[in-house]
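Engineer: File follows, my_file.cif with mmCIF, C-alpha atoms and all ligand atoms:
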data_data
#
loop_
_atom_site.label_atom_id
_atom_site.label_comp_id
_atom_site.auth_asym_id
_atom_site.auth_seq_id
_atom_site.Cartn_x
_atom_site.Cartn_y
_atom_site.Cartn_z
CA MET A 27 25.65 -17.89 14.31
CA GLY A 28 22.87 -15.30 14.07
CA ALA A 29 25.39 -12.52 13.50
CA LEU A 30 27.19 -14.52 10.88
CA LEU A 31 23.97 -15.24 9.01
CA THR A 32 22.89 -11.62 9.29
CA ALA A 33 26.19 -10.60 7.74
CA LEU A 34 25.82 -13.17 4.97
CA ALA A 35 22.21 -12.36 4.17
CA GLY A 36 22.94 -8.65 4.44
CA LEU A 37 25.96 -8.80 2.18
CA ALA A 38 24.40 -10.67 -0.65
CA LEU A 39 20.73 -9.79 -0.71
CA ALA A 40 19.75 -6.79 1.33
CA GLY A 41 21.41 -3.68 2.53
CA LYS A 42 20.88 -0.11 3.49
CA GLU A 43 21.18 0.68 -0.20
CA LYS A 44 18.99 -0.89 -2.86
CA THR A 45 20.21 -4.28 -4.09
CA PHE A 46 19.27 -6.50 -6.99
CA TRP A 47 16.75 -8.23 -4.72
CA LEU A 48 15.35 -5.64 -2.40
CA PRO A 49 14.76 -1.89 -2.29
CA LYS A 50 16.61 0.42 0.07
CA GLN A 51 16.08 -0.13 3.81
CA SER A 52 14.50 3.10 4.96
CA SER A 53 12.83 2.21 8.24
CA THR A 54 13.90 0.74 11.57
CA ALA A 55 11.95 -2.47 10.84
CA ALA A 56 13.53 -3.21 7.47
CA ALA A 57 16.71 -4.96 8.63
CA ALA A 58 14.87 -7.58 10.72
CA ILE A 59 12.47 -8.39 7.88
CA ASP A 60 15.26 -8.62 5.34
CA TRP A 61 17.12 -10.99 7.63
CA VAL A 62 14.24 -13.48 7.64
CA TRP A 63 13.80 -13.02 3.91
CA GLY A 64 17.52 -13.67 3.29
CA PHE A 65 17.57 -16.69 5.57
CA ILE A 66 14.63 -18.31 3.76
CA PHE A 67 16.18 -17.40 0.44
CA TRP A 68 19.47 -19.14 1.27
CA ILE A 69 17.80 -22.25 2.65
CA SER A 70 15.69 -22.48 -0.51
CA ALA A 71 18.71 -21.91 -2.72
CA VAL A 72 20.86 -24.55 -0.96
CA PHE A 73 18.12 -27.18 -1.01
CA PHE A 74 17.24 -26.37 -4.59
CA PHE A 75 20.79 -27.17 -5.68
CA ILE A 76 21.06 -30.28 -3.49
CA ILE A 77 17.74 -31.72 -4.69
CA VAL A 78 17.89 -30.72 -8.34
CA GLY A 79 21.63 -31.54 -8.52
CA LEU A 80 21.14 -35.05 -7.11
CA THR A 81 18.09 -35.63 -9.31
CA ILE A 82 20.10 -34.85 -12.42
CA LEU A 83 23.12 -36.85 -11.22
CA PHE A 84 21.04 -39.94 -10.37
CA ALA A 85 19.04 -39.72 -13.58
CA ILE A 86 22.28 -39.90 -15.53
CA GLN A 87 24.11 -42.40 -13.36
CA TYR A 88 21.26 -44.89 -13.02
CA ARG A 89 19.71 -44.53 -16.47
CA ALA A 90 18.56 -47.69 -18.28
CA ARG A 91 21.48 -49.12 -20.22
CA LYS A 92 22.15 -52.30 -22.16
CA GLY A 93 23.87 -55.01 -20.17
CA TYR A 94 22.60 -53.80 -16.81
CA ALA A 95 19.88 -55.67 -14.98
CA THR A 96 17.09 -53.59 -13.43
CA ALA A 97 17.88 -53.24 -9.72
CA LYS A 98 15.55 -54.85 -7.24
CA LYS A 99 13.79 -52.62 -4.76
CA HIS A 100 15.48 -53.34 -1.46
CA SER A 101 15.23 -50.50 1.00
CA SER A 102 11.93 -49.94 2.76
CA HIS A 103 13.03 -48.07 5.84
CA ASN A 104 16.09 -46.15 6.99
CA THR A 105 15.73 -44.67 10.44
CA VAL A 106 18.90 -42.57 10.33
CA LEU A 107 17.96 -41.00 7.00
CA GLU A 108 14.42 -40.25 8.11
CA LEU A 109 15.54 -38.71 11.39
CA THR A 110 18.05 -36.55 9.51
CA TRP A 111 15.54 -35.14 7.09
CA THR A 112 13.12 -34.44 9.92
CA ILE A 113 15.51 -32.92 12.45
CA ILE A 114 17.50 -30.64 10.13
CA PRO A 115 14.44 -28.88 8.64
CA THR A 116 12.94 -28.55 12.13
CA ILE A 117 16.08 -26.84 13.34
CA LEU A 118 16.02 -24.55 10.32
CA LEU A 119 12.40 -23.58 11.05
CA ILE A 120 13.18 -22.35 14.55
CA PRO A 121 15.05 -19.14 13.56
CA ILE A 122 12.47 -18.43 10.83
CA PHE A 123 9.71 -18.61 13.40
CA TRP A 124 11.66 -16.81 16.11
CA TYR A 125 12.86 -13.83 14.10
CA GLY A 126 9.76 -13.72 11.91
CA PHE A 127 7.37 -13.67 14.82
CA LYS A 128 9.46 -11.14 16.71
CA ALA A 129 9.51 -8.80 13.70
CA TYR A 130 5.76 -9.33 13.25
CA LEU A 131 5.07 -8.40 16.86
CA ASP A 132 7.29 -5.34 16.56
CA LEU A 133 5.33 -4.24 13.49
CA THR A 134 2.00 -4.83 15.20
CA VAL A 135 2.57 -2.90 18.42
CA PRO A 136 3.33 0.80 17.88
CA PRO A 137 5.49 2.54 20.50
CA ALA A 138 3.49 4.62 22.98
CA ASN A 139 4.97 7.95 21.85
CA SER A 140 4.00 7.46 18.17
CA TYR A 141 2.70 10.33 16.05
CA GLU A 142 -0.76 9.27 14.85
CA ILE A 143 -2.00 9.74 11.28
CA GLY A 144 -5.31 8.49 9.87
CA VAL A 145 -5.26 6.61 6.57
CA THR A 146 -8.34 6.34 4.37
CA ALA A 147 -8.29 4.01 1.39
CA GLN A 148 -10.95 4.20 -1.28
CA ARG A 149 -11.15 3.17 -4.91
CA TRP A 150 -8.52 4.31 -6.03
CA ALA A 151 -6.75 6.76 -3.83
CA TRP A 152 -5.10 7.14 -0.45
CA MET A 153 -5.88 9.99 1.92
CA PHE A 154 -3.98 10.89 5.05
CA THR A 155 -5.57 12.79 7.93
CA TYR A 156 -3.25 14.66 10.29
CA PRO A 157 -4.03 15.36 13.95
CA ASN A 158 -5.28 18.91 13.13
CA GLY A 159 -7.84 17.55 10.62
CA TYR A 160 -5.90 18.43 7.47
CA VAL A 161 -6.14 15.77 4.73
CA ASP A 162 -3.41 15.21 2.13
CA GLU A 163 -2.94 12.80 -0.77
CA ASN A 164 0.61 12.04 0.39
CA LEU A 165 1.83 10.71 3.70
CA HIS A 166 4.12 13.34 5.21
CA VAL A 167 6.09 12.26 8.27
CA PRO A 168 9.02 13.44 10.38
CA VAL A 169 12.26 11.43 10.16
CA ASP A 170 13.40 9.29 13.13
CA ARG A 171 10.05 9.36 14.85
CA PRO A 172 7.60 6.47 15.20
CA VAL A 173 4.42 7.08 13.20
CA LYS A 174 1.27 5.09 13.90
CA LEU A 175 -1.24 4.64 11.11
CA VAL A 176 -4.91 4.07 11.90
CA MET A 177 -6.29 2.78 8.63
CA GLN A 178 -9.82 2.44 7.30
CA SER A 179 -11.43 1.72 3.96
CA GLU A 180 -14.46 3.41 2.42
CA ASP A 181 -15.29 0.51 0.15
CA VAL A 182 -13.39 -2.72 -0.50
CA ILE A 183 -10.24 -4.31 0.94
CA HIS A 184 -7.07 -2.43 0.04
CA SER A 185 -3.56 -3.04 1.29
CA PHE A 186 -1.07 -0.40 2.34
CA PHE A 187 2.48 -1.19 1.25
CA VAL A 188 5.68 0.85 1.46
CA PRO A 189 8.43 -1.37 0.01
CA ASN A 190 11.28 0.79 1.33
CA PHE A 191 9.90 0.48 4.86
CA ARG A 192 8.94 -3.24 4.52
CA VAL A 193 5.54 -2.26 5.92
CA LYS A 194 2.43 -3.93 4.54
CA ARG A 195 -1.01 -4.16 6.07
CA ASP A 196 -4.52 -4.74 4.77
CA VAL A 197 -7.05 -1.92 5.02
CA VAL A 198 -10.44 -3.47 5.60
CA PRO A 199 -13.88 -1.83 5.48
CA GLY A 200 -15.71 -1.77 8.80
CA ARG A 201 -12.66 -1.86 11.06
CA TYR A 202 -9.47 -0.02 11.92
CA ASN A 203 -6.20 -1.71 11.11
CA ILE A 204 -3.07 -0.39 12.69
CA THR A 205 0.53 -0.38 11.62
CA TRP A 206 3.51 1.82 12.32
CA PHE A 207 7.01 2.63 11.14
CA GLU A 208 9.93 4.85 11.92
CA ALA A 209 11.47 6.33 8.78
CA THR A 210 15.24 6.61 8.77
CA GLU A 211 15.72 8.22 5.34
CA VAL A 212 14.68 11.73 4.40
CA GLY A 213 13.05 11.86 0.95
CA ASP A 214 10.25 10.22 -1.01
CA HIS A 215 9.18 6.58 -0.75
CA VAL A 216 6.50 5.01 -2.91
CA ILE A 217 3.21 3.62 -1.52
CA PHE A 218 1.36 0.86 -3.37
CA CYS A 219 -2.00 -0.81 -2.92
CA THR A 220 -1.27 -4.55 -2.92
CA GLU A 221 -4.80 -5.90 -2.80
CA TYR A 222 -6.55 -6.07 -6.15
CA CYS A 223 -9.40 -3.59 -5.73
CA GLY A 224 -10.82 -3.10 -9.22
CA THR A 225 -10.22 -1.07 -12.39
CA GLY A 226 -7.92 1.60 -10.95
CA HIS A 227 -5.94 -0.70 -8.65
CA SER A 228 -2.58 -0.36 -10.38
CA ASP A 229 -3.02 3.39 -10.29
CA MET A 230 -3.60 3.49 -6.56
CA MET A 231 -0.24 4.93 -5.67
CA SER A 232 0.95 7.63 -3.39
CA LYS A 233 4.16 8.51 -1.60
CA VAL A 234 5.60 8.97 1.84
CA VAL A 235 7.45 12.25 2.14
CA VAL A 236 9.94 12.06 5.01
CA HIS A 237 10.83 15.51 6.30
CA PRO A 238 14.14 16.38 8.01
CA SER A 239 13.74 16.85 11.75
CA GLY A 240 12.07 20.13 12.69
CA GLU A 241 10.64 20.73 9.21
CA PHE A 242 7.55 18.54 9.47
CA GLU A 243 5.66 20.91 11.79
CA THR A 244 6.30 23.87 9.49
CA TRP A 245 5.11 21.87 6.50
CA LEU A 246 1.91 20.82 8.27
CA GLU A 247 1.07 24.33 9.36
CA ASP A 248 1.70 25.67 5.89
CA ALA A 249 -0.20 22.89 4.08
CA SER A 250 -3.20 23.06 6.42
CA ASN A 251 -3.91 26.67 5.43
CA PHE A 252 -3.80 26.12 1.67
CA LEU A 253 -7.39 27.22 1.07
CA ASP A 254 -6.71 30.62 2.62
CA LYS A 255 -3.85 31.30 0.23
CA LEU A 256 -5.53 30.31 -3.03
CA SER A 257 -8.56 31.44 -4.98
CA PRO A 258 -11.56 29.11 -4.48
CA ALA A 259 -11.13 27.56 -7.95
CA GLU A 260 -7.40 26.90 -7.33
CA GLY A 261 -8.21 25.43 -3.93
CA GLY A 262 -10.88 23.28 -5.60
CA GLU A 263 -8.32 22.01 -8.09
CA MET A 264 -6.05 20.92 -5.23
CA LEU A 265 -8.96 19.17 -3.51
CA TYR A 266 -9.92 17.47 -6.79
CA SER A 267 -6.52 15.81 -6.80
CA MET A 268 -6.02 15.40 -3.04
CA ARG A 269 -9.39 13.81 -2.28
CA GLY A 270 -9.38 11.21 -5.01
CA CYS A 271 -11.95 12.81 -7.39
CA LYS A 272 -9.22 12.68 -10.04
CA GLN A 273 -9.25 8.87 -9.98
CA CYS A 274 -12.78 8.80 -11.38
CA HIS A 275 -13.46 12.21 -12.96
CA THR A 276 -11.40 13.79 -15.73
CA ILE A 277 -11.35 17.46 -16.64
CA ASP A 278 -10.77 16.94 -20.37
CA GLY A 279 -14.18 15.58 -21.36
CA SER A 280 -13.18 11.91 -21.43
CA VAL A 281 -15.18 9.45 -19.35
CA ARG A 282 -13.39 7.51 -16.63
CA ILE A 283 -15.40 5.80 -13.89
CA GLY A 284 -17.64 8.83 -13.58
CA PRO A 285 -18.58 11.70 -15.91
CA SER A 286 -15.96 14.32 -16.78
CA PHE A 287 -16.25 17.66 -15.01
CA LYS A 288 -15.56 19.56 -18.22
CA GLY A 289 -18.39 21.83 -19.30
CA ILE A 290 -20.99 20.27 -16.99
CA TRP A 291 -21.77 23.52 -15.14
CA GLY A 292 -25.26 24.68 -16.10
CA ALA A 293 -25.92 21.61 -18.27
CA GLN A 294 -29.00 19.38 -18.00
CA HIS A 295 -28.25 15.83 -16.85
CA ALA A 296 -30.55 12.82 -16.90
CA LEU A 297 -30.57 10.64 -13.78
CA THR A 298 -31.23 6.90 -13.65
CA THR A 299 -34.70 7.76 -12.36
CA GLY A 300 -35.47 9.51 -15.65
CA GLU A 301 -35.50 12.89 -13.91
CA GLN A 302 -33.67 15.88 -15.47
CA VAL A 303 -31.46 18.04 -13.27
CA THR A 304 -29.48 21.21 -13.84
CA VAL A 305 -25.87 21.06 -12.69
CA ASP A 306 -25.64 23.92 -10.20
CA GLY A 307 -24.15 24.44 -6.75
CA ASN A 308 -26.81 22.48 -4.91
CA TYR A 309 -26.67 19.57 -7.34
CA VAL A 310 -22.87 19.30 -7.06
CA ARG A 311 -23.05 19.60 -3.30
CA GLN A 312 -25.68 16.88 -3.13
CA SER A 313 -23.62 14.67 -5.50
CA ILE A 314 -20.67 14.95 -3.13
CA MET A 315 -22.57 14.47 0.14
CA ASP A 316 -25.00 11.78 -0.98
CA PRO A 317 -24.01 10.41 -4.40
CA ALA A 318 -26.49 7.53 -4.28
CA SER A 319 -29.44 9.94 -4.08
CA GLN A 320 -28.99 11.09 -7.69
CA VAL A 321 -27.11 8.75 -9.96
CA VAL A 322 -26.31 10.05 -13.44
CA ALA A 323 -27.89 7.87 -16.17
CA GLY A 324 -25.37 5.50 -17.75
CA TYR A 325 -23.11 5.26 -14.69
CA ASP A 326 -22.79 2.90 -11.75
CA ALA A 327 -23.38 4.22 -8.25
CA VAL A 328 -19.78 3.63 -7.13
CA MET A 329 -18.92 7.12 -5.91
CA PRO A 330 -18.17 7.13 -2.16
CA THR A 331 -19.91 9.69 -0.01
CA TYR A 332 -17.84 12.59 1.25
CA LYS A 333 -20.30 13.45 3.98
CA GLY A 334 -18.34 14.41 7.09
CA ARG A 335 -15.10 14.27 5.10
CA LEU A 336 -15.28 17.58 3.24
CA LYS A 337 -15.93 20.84 5.01
CA ASP A 338 -18.33 23.47 3.63
CA GLN A 339 -15.45 25.72 2.62
CA GLU A 340 -13.91 22.81 0.69
CA ILE A 341 -17.15 21.94 -1.11
CA THR A 342 -17.52 25.59 -2.10
CA ALA A 343 -13.99 25.50 -3.53
CA ILE A 344 -14.77 22.34 -5.53
CA ILE A 345 -17.92 23.95 -6.90
CA ALA A 346 -15.88 26.99 -7.97
CA TYR A 347 -13.41 24.67 -9.67
CA ILE A 348 -16.09 22.73 -11.59
CA LYS A 349 -17.64 26.06 -12.59
CA SER A 350 -14.26 27.19 -13.98
CA LEU A 351 -13.98 24.14 -16.28
CA GLN A 352 -16.05 25.45 -19.17
CU CU A 401 -6.66 -0.63 -3.52
#
Would you put the structure from the file into structure tokens?
Ligand SMILES: [Cu+2]
Structural biologist:
Amino acid sequence: MGALLTALAGLALAGKEKTFWLPKQSSTAAAAIDWVWGFIFWISAVFFFIIVGLTILFAIQYRARKGYATAKKHSSHNTVLELTWTIIPTILLIPIFWYGFKAYLDLTVPPANSYEIGVTAQRWAWMFTYPNGYVDENLHVPVDRPVKLVMQSEDVIHSFFVPNFRVKRDVVPGRYNITWFEATEVGDHVIFCTEYCGTGHSDMMSKVVVHPSGEFETWLEDASNFLDKLSPAEGGEMLYSMRGCKQCHTIDGSVRIGPSFKGIWGAQHALTTGEQVTVDGNYVRQSIMDPASQVVAGYDAVMPTYKGRLKDQEITAIIAYIKSLQ
């Protein structure tokens, strides 16, 4: 029965490849989740046609017509009918609960040998911290290996969602939420935020890059040393995009959530306190480490602190980058 339903649901609605209904199954958890989804879909579809079909049929057949007397109400209770419509739905609920709960537990408990990656969500970017401390804007993982995500938020509730993996979990400030997956498809898979988190919510996208076996370690080693291979300003440009500054600061002079970085070096800025400051290395550094201590006039104090999240070398690179944007 289970196998037959799996085959049915799999054939029509879900599959390893993308279907009309669902994206490609690219993780080990996807098939189980699609099964429950397909099962609920079919039950809903069958009952929709039974109920709506009979409603239409009865409305036509028993419509008010000339020459017909209005029928008297006669049935108040029918034990067989009531047992039927209680027992059948109850039986249908059992596999939904059984397979749904099993898949939920599987998603909640990562295997002991998982590779651990930290996830930081903030308005409106994702950041991924690898075991060696390197932080990237994309989630790079090896194929066919369980990956455990330890997720935290810097500000509001976000939700981490990879449709191809069927993995979705809220990221809540003040606690660590855990999820895991094992990717089965090499290539790129999109990441969405599925919890409305303000202005830039729909822009809060990233991707999972699944590396072929053996290539992940080389990638990580190479990526981790990026600052050594670039000039400080080039490194700063990478950090600007990788650490989420880009979500709030433009480099073309237009205002987003925060002021643009274009041409600010050396300028005089007014703070909300009425004080005037010159944009120099110390000011930028302070803005990054403790944004609330000097809020630019006309803006809200929504910038997250990067204290403990950016190293000195990285802050120096960002300063060089801002300096280069004249
Ligand atoms: Cu979000």
Engineer: 12 Å from ligand CU 401 (chain A) is the threshold here; counting only C-alpha atoms and all ligand atoms, which polymer residues fall inside it? Answer as a ChimeraX atom specification.
Structural biologist: /A:146-153,178-187,195-199,217-232,273
Engineer: Considering all atoms listed in the file, can you say which of A:Tyr325, A:Phe73, A:Tyr202, A:Phe46 comes closest to Pro115 of chain A?
Structural biologist: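 With all atoms listed in the file as the atom set, the closest residue is A:Phe73.
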Engineer: Quick one, how far is atom CA of Asn190 of chain A from atom CA of Ile120 of chain A?
Structural biologist: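 Computing the Euclidean distance for atom CA of Asn190 of chain A and atom CA of Ile120 of chain A yields 26.7 Å.
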Engineer: Between atom CA of Ala90 of chain A and atom CA of Phe75 of chain A, what is the distance, to one decimal in Å?
Structural biologist: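 About the pair atom CA of Ala90 of chain A and atom CA of Phe75 of chain A: they are 24.2 Å apart.
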Engineer: Given 4 Å of margin on each side, can you work out the centre and size in Å (one decimal) of an axis-aligned box holding every listed atom of segment 227-232 of chain A, as AutoDock Vina command-line options?
Structural biologist:
--center_x -2.5 --center_y 3.5 --center_z -6.9 --size_x 14.9 --size_y 16.3 --size_z 15.0
Engineer: Which residue, A:Glu241, A:Glu108, A:Asp132, A:Glu263, has the smallest gap to His166 of chain A when you use only C-alpha atoms?
Structural biologist: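 Among A:Glu241, A:Glu108, A:Asp132, A:Glu263, it is A:Glu241 that comes nearest to His166 of chain A.
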Engineer: Fewer than 3 positions away in the same chain doesn't count, so skip those; otherwise give me all residues within 9 Å of Thr298 of chain A, counting all atoms listed in the file, as a PyMOL selection string.
Structural biologist: chain A and resi 301+320-325
Engineer: Print the selection's residues with C-alpha atoms to a file, as an mmCIF file, keeping the file's coordinate frame.
Structural biologist:
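Output contents, as saved in result_35.cif:
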data_model
loop_
_atom_site.group_PDB
_atom_site.id
_atom_site.type_symbol
_atom_site.label_atom_id
_atom_site.label_comp_id
_atom_site.auth_asym_id
_atom_site.auth_seq_id
_atom_site.Cartn_x
_atom_site.Cartn_y
_atom_site.Cartn_z
ATOM 1 C CA GLU A 301 -35.500 12.890 -13.910
ATOM 2 C CA GLN A 320 -28.990 11.090 -7.690
ATOM 3 C CA VAL A 321 -27.110 8.750 -9.960
ATOM 4 C CA VAL A 322 -26.310 10.050 -13.440
ATOM 5 C CA ALA A 323 -27.890 7.870 -16.170
ATOM 6 C CA GLY A 324 -25.370 5.500 -17.750
ATOM 7 C CA TYR A 325 -23.110 5.260 -14.690
#
Engineer: For Ala57 of chain A, which of A:Leu175, A:Val169, A:Val236, A:Ala129 is the closest residue, counting all atoms listed in the file?
Structural biologist: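 Closest candidate: A:Ala129.
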Engineer: For segment 277-283 of chain A, work out the shell of residues within 9 Å, counting all atoms listed in the file and skipping chain neighbours fewer than 5 positions away, then give it as a PyMOL selection string.
Structural biologist: chain A and resi 225+272+288-289+325-326+328-329+348+351
Engineer: For the atom pair atom CA of Ile344 of chain A and atom CA of Tyr156 of chain A, what is the interatomic distance in Å to one decimal place?
Structural biologist: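 According to the coordinates, atom CA of Ile344 of chain A and atom CA of Tyr156 of chain A are separated by 21.0 Å.
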Engineer: Name the closest residue to Phe242 of chain A among the candidates A:Phe207, A:Trp61, A:Trp68, A:Tyr141; distances are taken between atoms, counting all atoms listed in the file.
Structural biologist: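 For Phe242 of chain A, the nearest of the given residues is A:Tyr141.
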Engineer: Hey, which bits of segment 86-190 of chain A sit within 12 Å of segment 76-81 of chain A, and for each residue what's the closest pair of atoms and how far apart in Å (one decimal), counting all atoms listed in the file, rows by chain and increasing number, as a Markdown table?
Structural biologist:
| residue | atom | partner | partner_atom | distance |
| --- | --- | --- | --- | --- |
| A:Ile86 | CA | A:Thr81 | CA | 8.6 |
| A:Gln87 | CA | A:Thr81 | CA | 9.9 |
| A:Tyr88 | CA | A:Thr81 | CA | 10.5 |
| A:Arg89 | CA | A:Thr81 | CA | 11.5 |
Engineer: Extract, using all atoms listed in the file, all DNA, RNA and protein residues at most 12 Å from Ile345 of chain A, discarding same-chain residues fewer than 2 positions from it, and format them as an NGL selection string.
Structural biologist: :A and (258-263 or 265-266 or 287 or 290-292 or 305-314 or 338-343 or 347-351)
Engineer: Would you mind telling me which residue in A:Ser52, A:Thr45, A:Gln302, A:Gln294 lies nearest to Val216 of chain A when using all atoms listed in the file?
Structural biologist: A:Ser52
Engineer: From the options A:Ser257, A:Leu165, A:His275, A:Tyr160, which residue's atoms come nearest to Ala346 of chain A, counting all atoms listed in the file?
Structural biologist: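 Going through A:Ser257, A:Leu165, A:His275, A:Tyr160 one by one, the smallest distance to Ala346 of chain A is for A:Ser257.
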Engineer: Is there a way to complete segment 175-191 of chain A with N, CA and C atoms and then write that out as a short mmCIF file (atom, residue, chain, number, x, y, z; two decimals), keeping the file's coordinate frame?
Structural biologist:
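Here's the written file result34.cif:
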data_model
loop_
_atom_site.label_atom_id
_atom_site.label_comp_id
_atom_site.auth_asym_id
_atom_site.auth_seq_id
_atom_site.Cartn_x
_atom_site.Cartn_y
_atom_site.Cartn_z
N LEU A 175 -0.21 4.43 12.10
CA LEU A 175 -1.24 4.64 11.11
C LEU A 175 -2.52 3.93 11.54
N VAL A 176 -3.61 4.66 11.60
CA VAL A 176 -4.91 4.07 11.90
C VAL A 176 -5.66 4.07 10.58
N MET A 177 -5.87 2.85 10.02
CA MET A 177 -6.29 2.78 8.63
C MET A 177 -7.72 2.28 8.49
N GLN A 178 -8.46 2.90 7.57
CA GLN A 178 -9.82 2.44 7.30
C GLN A 178 -10.10 2.50 5.81
N SER A 179 -11.07 1.72 5.37
CA SER A 179 -11.43 1.72 3.96
C SER A 179 -12.87 2.18 3.79
N GLU A 180 -13.10 2.93 2.72
CA GLU A 180 -14.46 3.41 2.42
C GLU A 180 -15.26 2.38 1.64
N ASP A 181 -14.55 1.42 1.02
CA ASP A 181 -15.29 0.51 0.15
C ASP A 181 -14.83 -0.94 0.27
N VAL A 182 -13.80 -1.31 -0.48
CA VAL A 182 -13.39 -2.72 -0.50
C VAL A 182 -12.08 -2.89 0.27
N ILE A 183 -11.52 -4.09 0.25
CA ILE A 183 -10.24 -4.31 0.94
C ILE A 183 -9.11 -3.76 0.08
N HIS A 184 -8.30 -2.91 0.67
CA HIS A 184 -7.07 -2.43 0.04
C HIS A 184 -5.92 -2.89 0.91
N SER A 185 -4.69 -2.67 0.44
CA SER A 185 -3.56 -3.04 1.29
C SER A 185 -2.48 -1.99 1.15
N PHE A 186 -2.04 -1.49 2.30
CA PHE A 186 -1.07 -0.40 2.34
C PHE A 186 0.34 -0.98 2.35
N PHE A 187 1.15 -0.59 1.37
CA PHE A 187 2.48 -1.19 1.25
C PHE A 187 3.53 -0.12 0.91
N VAL A 188 4.53 -0.03 1.75
CA VAL A 188 5.68 0.85 1.46
C VAL A 188 6.91 -0.05 1.38
N PRO A 189 7.32 -0.42 0.15
CA PRO A 189 8.43 -1.37 0.01
C PRO A 189 9.70 -0.93 0.75
N ASN A 190 10.04 0.33 0.67
CA ASN A 190 11.28 0.79 1.33
C ASN A 190 11.24 0.62 2.85
N PHE A 191 10.04 0.62 3.41
CA PHE A 191 9.90 0.48 4.86
C PHE A 191 9.64 -0.98 5.26
#
